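K.L.:
Have a look at this one before I ask anything.
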Amino acid sequence: MTELALQRLKAAGWTPGRKVDITPIEEAYADAGMHMPDKLREFFTEFGLLTFSWGKKEDMTDEFHSINPCVDFKNWTKEEFEHFFDDYEIYGTAYPVGWAFRSNMTIYYHDDGNFYLFMSPDPLIRCDNTAEGFLDGLLGGDGKDWEYIDD
């Protein structure tokens with residue numbers, strides 16, 4: 001992982017081997033009638049409930065990211081999450097993970113094993129299939145292998 005991503009993770013309260021109580025996240029998934037995949041459970045246990053914020057260059061708005069899906073369940077049903085990326089021909093369930101980029105994009109994990117960034121109506125960005133690769137791009141700016149997907 002890049003040094004910048006590690007610095008931002010540590011500034012948000014992450015430590016190697018971190019194990020957080022993800023009961024609020026599990027309850028949000030259960031209330032929505034969704035089963036959390038094991039890989040996502042592992043991700044939330046180490047990185048869940050973290051909030052990242054840092055200043056941007058010059059007059060730009062501060063960056064803000066949050067690994068907390070609980071707020072995203074209020075507007076969508078389980079059935080909508082099961083077909084969330086169908087317009088992009090990516091079939092299966094999208095699982096809310098949190099918010100990115102000043103809360104104008106949502107973060108999802110998908111049945112295909114990848115993390116995604118989404119801003120309605122576009123773009124959809126396939127980020128990575130590992131927590132480290134995803135967080136490197138999100139926090140460290142190393143999203144060079146991310147794929148923009150057109151609908």
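Quick note on naming: the chains in the structure tokens go A, B, ... in the order shown, residues restart at 1 in each chain, and ligands are numbered from 1 in order of appearance.
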Taking 3 positions as the minimum chain separation for residues in the same chain, which residues sit within 8 Å of stretch 105-121 of chain A when counting only C-alpha atoms? Answer as an MDAnalysis selection string.

P.N.:
chainID A and resid 40 92:102 124:130 134

K.L.:
Take the residues just selected and output them with N, CA, C and O atoms as a compact mmCIF listing (two decimals), in the first residue's frame.

P.N.:
```
# COMPACT_ATOMS: atom_id res chain seq x y z
N LEU A 40 -16.58 -9.21 2.56
CA LEU A 40 -16.98 -7.86 2.99
C LEU A 40 -16.97 -7.75 4.51
O LEU A 40 -16.56 -6.73 5.06
N GLY A 92 -25.74 -9.20 -10.44
CA GLY A 92 -25.52 -9.67 -9.09
C GLY A 92 -25.82 -8.55 -8.12
O GLY A 92 -26.30 -7.48 -8.50
N THR A 93 -25.51 -8.78 -6.87
CA THR A 93 -25.85 -7.83 -5.82
C THR A 93 -24.70 -6.86 -5.55
O THR A 93 -23.55 -7.25 -5.47
N ALA A 94 -25.07 -5.59 -5.39
CA ALA A 94 -24.14 -4.55 -4.95
C ALA A 94 -24.40 -4.31 -3.46
O ALA A 94 -25.56 -4.14 -3.06
N TYR A 95 -23.35 -4.31 -2.67
CA TYR A 95 -23.46 -4.13 -1.23
C TYR A 95 -22.91 -2.77 -0.83
O TYR A 95 -21.75 -2.47 -1.12
N PRO A 96 -23.69 -1.94 -0.16
CA PRO A 96 -23.20 -0.61 0.26
C PRO A 96 -22.00 -0.74 1.19
O PRO A 96 -21.97 -1.57 2.09
N VAL A 97 -21.02 0.11 0.95
CA VAL A 97 -19.82 0.15 1.78
C VAL A 97 -19.66 1.50 2.45
O VAL A 97 -19.28 1.60 3.60
N GLY A 98 -19.96 2.59 1.74
CA GLY A 98 -19.81 3.91 2.33
C GLY A 98 -19.89 5.01 1.28
O GLY A 98 -20.47 4.84 0.21
N TRP A 99 -19.25 6.13 1.60
CA TRP A 99 -19.27 7.34 0.77
C TRP A 99 -17.85 7.75 0.39
O TRP A 99 -16.92 7.50 1.14
N ALA A 100 -17.74 8.44 -0.73
CA ALA A 100 -16.42 8.91 -1.17
C ALA A 100 -16.56 10.29 -1.80
O ALA A 100 -17.63 10.68 -2.25
N PHE A 101 -15.44 10.98 -1.87
CA PHE A 101 -15.32 12.26 -2.58
C PHE A 101 -16.41 13.24 -2.17
O PHE A 101 -17.33 13.53 -2.94
N ARG A 102 -16.32 13.71 -0.93
CA ARG A 102 -17.25 14.70 -0.42
C ARG A 102 -18.69 14.20 -0.47
O ARG A 102 -19.62 14.96 -0.67
N LEU A 124 -19.53 4.72 -13.34
CA LEU A 124 -19.31 3.56 -12.50
C LEU A 124 -17.85 3.21 -12.69
O LEU A 124 -17.37 3.11 -13.81
N ILE A 125 -17.14 3.05 -11.58
CA ILE A 125 -15.71 2.77 -11.64
C ILE A 125 -15.44 1.45 -10.92
O ILE A 125 -15.76 1.32 -9.74
N ARG A 126 -14.89 0.49 -11.64
CA ARG A 126 -14.44 -0.77 -11.03
C ARG A 126 -13.07 -0.48 -10.45
O ARG A 126 -12.12 -0.19 -11.16
N CYS A 127 -12.97 -0.58 -9.12
CA CYS A 127 -11.74 -0.15 -8.44
C CYS A 127 -10.72 -1.26 -8.30
O CYS A 127 -9.62 -1.14 -8.82
N ASP A 128 -11.05 -2.29 -7.58
CA ASP A 128 -10.08 -3.36 -7.33
C ASP A 128 -10.81 -4.49 -6.64
O ASP A 128 -11.90 -4.30 -6.10
N ASN A 129 -10.20 -5.66 -6.61
CA ASN A 129 -10.80 -6.79 -5.93
C ASN A 129 -10.14 -7.08 -4.59
O ASN A 129 -10.39 -8.10 -3.97
N THR A 130 -9.27 -6.16 -4.14
CA THR A 130 -8.67 -6.29 -2.81
C THR A 130 -8.89 -5.00 -2.03
O THR A 130 -8.99 -3.91 -2.62
N PHE A 134 -8.08 -1.18 -3.44
CA PHE A 134 -9.16 -0.20 -3.40
C PHE A 134 -8.75 1.01 -2.56
O PHE A 134 -8.88 2.16 -2.99
```

K.L.:
To test your reading of the structure, identify every residue in chain A that backbone DSSP assigns to alpha helix (DSSP H), and report it as a PyMOL selection string.

P.N.:
chain A and resi 3-11+23-31+38-47+78-82+131-140

K.L.:
If we count only C-alpha atoms and set the cut-off at 6 Å, which residues sit around stretch 137-142 of chain A, ignoring sequence neighbours fewer than 2 positions away in its own chain? Please answer as an MDAnalysis selection string.

P.N.:
chainID A and resid 4:5 134:135 144

K.L.:
Record the distance separating atom CA of A:Phe52 and atom CA of A:His65, expressed in Å with one decimal.

P.N.:
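Computing it gives 5.0 Å between the two atoms.
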
K.L.:
When you draw a straight line from atom CA of A:Thr23 to atom CA of A:Phe47, how long is it in Å?

P.N.:
13.6 Å

K.L.:
For the atom pair atom CA of A:Phe84 and atom CA of A:Thr45, what is the interatomic distance in Å to one decimal place?

P.N.:
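Atom CA of A:Phe84 sits 24.5 Å away from atom CA of A:Thr45.
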
K.L.:
If you run DSSP on the backbone here, which positions in chain A get strand (DSSP E or B)? Please write them as JSON, numbers by chain.

P.N.:
{"A": [51, 52, 53, 54, 63, 64, 65, 66, 94, 95, 96, 97, 98, 99, 100, 105, 106, 107, 108, 109, 110, 115, 116, 117, 118, 124, 125, 126, 127, 128, 147, 148, 149]}

K.L.:
Of the candidates A:Asp150, A:Glu79, A:Glu46, A:Glu3, which shows the shortest atom-to-atom distance to A:Ala131, using only C-alpha atoms?

P.N.:
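Nearest to A:Ala131: A:Glu46.
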
K.L.:
Extract, using only C-alpha atoms, all DNA, RNA and protein residues at most 12 Å from A:Lys19, discarding same-chain residues fewer than 6 positions from it, and format them as a list in words.

P.N.:
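Non-adjacent residues within range: Gly13, Arg41, Glu42, Phe43, Phe44, Thr45, Glu46, Phe47, Gly48, Leu49 and Leu50 of chain A.
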
K.L.:
Counting only C-alpha atoms, figure out which residue out of A:Ala12, A:Glu82, A:Asp87, A:Glu132 gets nearest to A:Ile67.

P.N.:
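So, comparing all the options, the nearest one is A:Ala12.
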